[in-house]
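Peer 1: I have a structure here, written as structure tokens, and I will follow up with some questions on it.
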Amino acid sequence: AQSVSQHNHHVILSEAASLELGCNYSYGGTVNLFWYVQYPGQHLQLLLKYFSGDPLVKGIKGFEAEFIKSKFSFNLRKPSVQWSDTAEYFCAVRGGGSNYKLTFGKGTLLTVNP
Amino acid sequence: NAGVTQTPKFQVLKTGQSMTLQCAQDMNHEYMSWYRQDPGMGLRLIHYSVGAGITDQGEVPNGYNVSRSTTEDFPLRLLSAAPSQTSVYFCASTRTRDPPPSYGYTFGSGTRLTVV
């Protein structure tokens, strides 16, 4: 069965600091990987996704993630965070083939102080 | 507007009451699913469906029923609500036939359910 582990429960940064949120997955085959963001009181929005090809994926709002197959990782990065990035971030994995179930990590709450 | 529509947005139930959470999508997505979101637990899969007439259990199916009579609709039923079912519920869908790599999952805006 597929699973996702997010290392940090709560990250607190100051504006302009760099961000890296860890995500490791467990699945033996081909995977699709996602990062979602949830702003307070809102539903999930897709930040970026990896299906195949270039392991460095660029998403919206200046976020990017790198798929490292040998480490089963898909860490999210942003060089300079803003106060408006305060939100909860979820990593998710979908096993390939005919398996369409999307499995989420427990989330990382990011607080950016002005 | 194309997307996933969930109703109601908010609901308060008494223990033992039943209700149905509605989910509808107009994108002709074959796959639909229900999640519950609880603090510190992320989103956990309740039930999913790969097409009309086909449903299966996810990670936390107890206390919930689903059916899929049409491609568009995937209602979630609570037969006898319990306080442990207090949560935010999200519906999500995606294509499965000829999925271009650019397709992903579309989420509804959620239903916040409180069981007292």
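In the structure tokens, each chain is lettered A, B, ... as it comes, each chain's residues begin at 1, and ligands are numbered from 1 in order of appearance.
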Counting only C-alpha atoms, which residues in chain B sit no more than 7 Å from chain A? For each one, give the nearest pair of atoms and the distance in Å, sorted by chain then residue number, as CSV.

Peer 2:
residue,atom,partner,partner_atom,distance
B:Gly40,CA,A:Lys106,CA,5.9
B:Met41,CA,A:Lys106,CA,4.9
B:Gly42,CA,A:Lys106,CA,3.8
B:Leu43,CA,A:Phe104,CA,5.8
B:Pro101,CA,A:Phe51,CA,6.3
B:Phe107,CA,A:Leu44,CA,6.6
B:Ser109,CA,A:His43,CA,5.0
B:Gly110,CA,A:His43,CA,6.5

Peer 1: Which residues are near Ser3 (chain A)? Cut-off 7 Å, only C-alpha atoms, ignore same chain within fewer than 2 positions. Put them as a ChimeraX atom specification.

Peer 2: /A:1,5,25-26,103

Peer 1: State, in Å with one decimal place, the distance from CA of Lys71 (chain A) to CA of Tyr36 (chain A).

Peer 2: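 Going from CA of Lys71 (chain A) over to CA of Tyr36 (chain A), I get 20.8 Å.
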
Peer 1: Could you list, as a ChimeraX atom specification, every residue within 6 Å of Leu110 (chain A), counting only C-alpha atoms and ignoring same-chain residues fewer than 5 positions away?

Peer 2: /A:10-12,86-88

Peer 1: Mind running region 15-70 of chain B against region 80-96 of chain B at 7 Å and telling me each contacting residue's nearest atom pair with the distance in Å (one decimal), counting only C-alpha atoms, chain and number ascending, as JSON lines?

Peer 2:
{"residue": "B:Thr15", "atom": "CA", "partner": "B:Ala82", "partner_atom": "CA", "distance": 5.1}
{"residue": "B:Gly16", "atom": "CA", "partner": "B:Ser80", "partner_atom": "CA", "distance": 4.3}
{"residue": "B:Gln17", "atom": "CA", "partner": "B:Ser80", "partner_atom": "CA", "distance": 5.2}
{"residue": "B:Ser18", "atom": "CA", "partner": "B:Ser80", "partner_atom": "CA", "distance": 5.1}
{"residue": "B:Cys23", "atom": "CA", "partner": "B:Cys91", "partner_atom": "CA", "distance": 6.3}
{"residue": "B:His29", "atom": "CA", "partner": "B:Arg95", "partner_atom": "CA", "distance": 4.6}
{"residue": "B:Glu30", "atom": "CA", "partner": "B:Arg95", "partner_atom": "CA", "distance": 5.5}
{"residue": "B:Tyr31", "atom": "CA", "partner": "B:Thr94", "partner_atom": "CA", "distance": 5.3}
{"residue": "B:Met32", "atom": "CA", "partner": "B:Ser93", "partner_atom": "CA", "distance": 4.2}
{"residue": "B:Ser33", "atom": "CA", "partner": "B:Ala92", "partner_atom": "CA", "distance": 5.3}
{"residue": "B:Trp34", "atom": "CA", "partner": "B:Cys91", "partner_atom": "CA", "distance": 4.6}
{"residue": "B:Tyr35", "atom": "CA", "partner": "B:Phe90", "partner_atom": "CA", "distance": 5.1}
{"residue": "B:Arg36", "atom": "CA", "partner": "B:Tyr89", "partner_atom": "CA", "distance": 4.5}
{"residue": "B:Gln37", "atom": "CA", "partner": "B:Val88", "partner_atom": "CA", "distance": 5.2}
{"residue": "B:Asp38", "atom": "CA", "partner": "B:Ser87", "partner_atom": "CA", "distance": 5.8}

Peer 1: Find the spatial neighbours of Phe67 (chain A), counting only C-alpha atoms, within a cut-off of 7 Å - ignore same-chain residues fewer than 3 positions away - and output them as a list in words.

Peer 2: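 The residues satisfying every condition are Pro55, Leu56, Ser73 and Phe74 of chain A.
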
Peer 1: In Å, rounded to a single decimal, give me how far CA of Gly29 (chain A) is from CA of Arg77 (chain A).

Peer 2: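 Computing the Euclidean distance for CA of Arg77 (chain A) and CA of Gly29 (chain A) yields 24.7 Å.
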
Peer 1: Tell me, which residues of region 8-108 of chain A carry DSSP helix (DSSP H, G or I), written as a list in words?

Peer 2: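 Matching residues for helix (DSSP H, G or I) in region 8-108 of chain A are Ile60, Lys61, Gly62, Lys69, Ser70, Lys71, Trp83, Ser84 and Asp85 of chain A.
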
Peer 1: Include C-alpha atoms and write out the residues we just selected as a PDB file, in the first residue's frame.

Peer 2:
ATOM      1  CA  ILE A  60       2.434  28.208  -9.109  1.00  0.00           C
ATOM      2  CA  LYS A  61       3.374  31.067  -6.781  1.00  0.00           C
ATOM      3  CA  GLY A  62       7.120  30.412  -7.182  1.00  0.00           C
ATOM      4  CA  LYS A  69      13.520   8.460  -7.033  1.00  0.00           C
ATOM      5  CA  SER A  70      16.428   6.877  -5.165  1.00  0.00           C
ATOM      6  CA  LYS A  71      15.350   8.624  -1.962  1.00  0.00           C
ATOM      7  CA  TRP A  83       3.323  36.306   4.600  1.00  0.00           C
ATOM      8  CA  SER A  84       0.638  35.209   2.125  1.00  0.00           C
ATOM      9  CA  ASP A  85       2.228  31.745   1.953  1.00  0.00           C
TER      10      ASP A  85
END

Peer 1: Excluding same-chain residues fewer than 2 positions from Gly53 (chain B), what lies within 10 Å of it counting only C-alpha atoms, as an mmCIF file with N, CA, C and O atoms, in the first residue's frame?

Peer 2:
data_model
loop_
_atom_site.group_PDB
_atom_site.id
_atom_site.type_symbol
_atom_site.label_atom_id
_atom_site.label_comp_id
_atom_site.auth_asym_id
_atom_site.auth_seq_id
_atom_site.Cartn_x
_atom_site.Cartn_y
_atom_site.Cartn_z
ATOM 1 N N SER B 49 -14.789 5.581 -6.368
ATOM 2 C CA SER B 49 -15.514 4.934 -7.462
ATOM 3 C C SER B 49 -14.762 5.190 -8.765
ATOM 4 O O SER B 49 -14.345 6.313 -9.025
ATOM 5 N N VAL B 50 -14.622 4.141 -9.562
ATOM 6 C CA VAL B 50 -13.933 4.281 -10.844
ATOM 7 C C VAL B 50 -14.904 4.400 -12.000
ATOM 8 O O VAL B 50 -14.492 4.473 -13.159
ATOM 9 N N GLY B 51 -16.202 4.399 -11.684
ATOM 10 C CA GLY B 51 -17.202 4.559 -12.729
ATOM 11 C C GLY B 51 -18.574 4.243 -12.193
ATOM 12 O O GLY B 51 -18.715 3.722 -11.073
ATOM 13 N N THR B 55 -18.058 0.905 -6.823
ATOM 14 C CA THR B 55 -17.535 1.628 -5.665
ATOM 15 C C THR B 55 -16.633 0.702 -4.864
ATOM 16 O O THR B 55 -16.738 -0.531 -4.971
ATOM 17 N N SER B 67 -22.879 5.309 -3.279
ATOM 18 C CA SER B 67 -23.388 4.676 -4.484
ATOM 19 C C SER B 67 -22.999 5.549 -5.664
ATOM 20 O O SER B 67 -22.718 6.744 -5.498
ATOM 21 N N ARG B 68 -22.979 4.978 -6.840
ATOM 22 C CA ARG B 68 -22.619 5.756 -8.039
ATOM 23 C C ARG B 68 -23.539 5.294 -9.179
ATOM 24 O O ARG B 68 -23.219 4.396 -9.942
ATOM 25 N N SER B 69 -24.694 5.933 -9.256
ATOM 26 C CA SER B 69 -25.660 5.554 -10.284
ATOM 27 C C SER B 69 -25.422 6.309 -11.589
ATOM 28 O O SER B 69 -25.844 5.858 -12.656
ATOM 29 N N THR B 70 -24.753 7.442 -11.522
ATOM 30 C CA THR B 70 -24.431 8.206 -12.723
ATOM 31 C C THR B 70 -22.963 8.605 -12.681
ATOM 32 O O THR B 70 -22.332 8.579 -11.614
ATOM 33 N N THR B 71 -22.424 8.999 -13.816
ATOM 34 C CA THR B 71 -21.038 9.466 -13.853
ATOM 35 C C THR B 71 -20.867 10.742 -13.048
ATOM 36 O O THR B 71 -19.837 10.973 -12.427
#

Peer 1: Would you please extract all strand (DSSP E) residues from region 9-111 of chain B, as assigned by DSSP on the backbone, and give them as an NGL selection string?

Peer 2: :B and (10-13 or 19-25 or 31-38 or 42-51 or 54-57 or 64-66 or 76-78 or 87-94 or 106-107 or 111)

Peer 1: Distance CA of Thr20 (chain B)-CA of Asp73 (chain B), one decimal place?

Peer 2: 12.0 Å

Peer 1: Quick one: residues within 8 Å of Leu76 (chain A), only C-alpha atoms counted, chain neighbours fewer than 3 positions away excluded, as a ChimeraX atom specification?

Peer 2: /A:19-23,35,63-66

Peer 1: Calculated over only C-alpha atoms, which of the candidates B:Thr5, B:Asn65, B:Thr111, B:Gln57 has the smallest distance to Arg77 (chain B)?

Peer 2: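 Among the listed residues, B:Asn65 lies closest to Arg77 (chain B).
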
Peer 1: Taking only C-alpha atoms into account, name the residue in B:Leu45, B:Ala24, B:Val60, B:Leu113 that is nearest to Gln11 (chain B).

Peer 2: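 Answer, going by the shortest atom-to-atom distance: B:Leu113.
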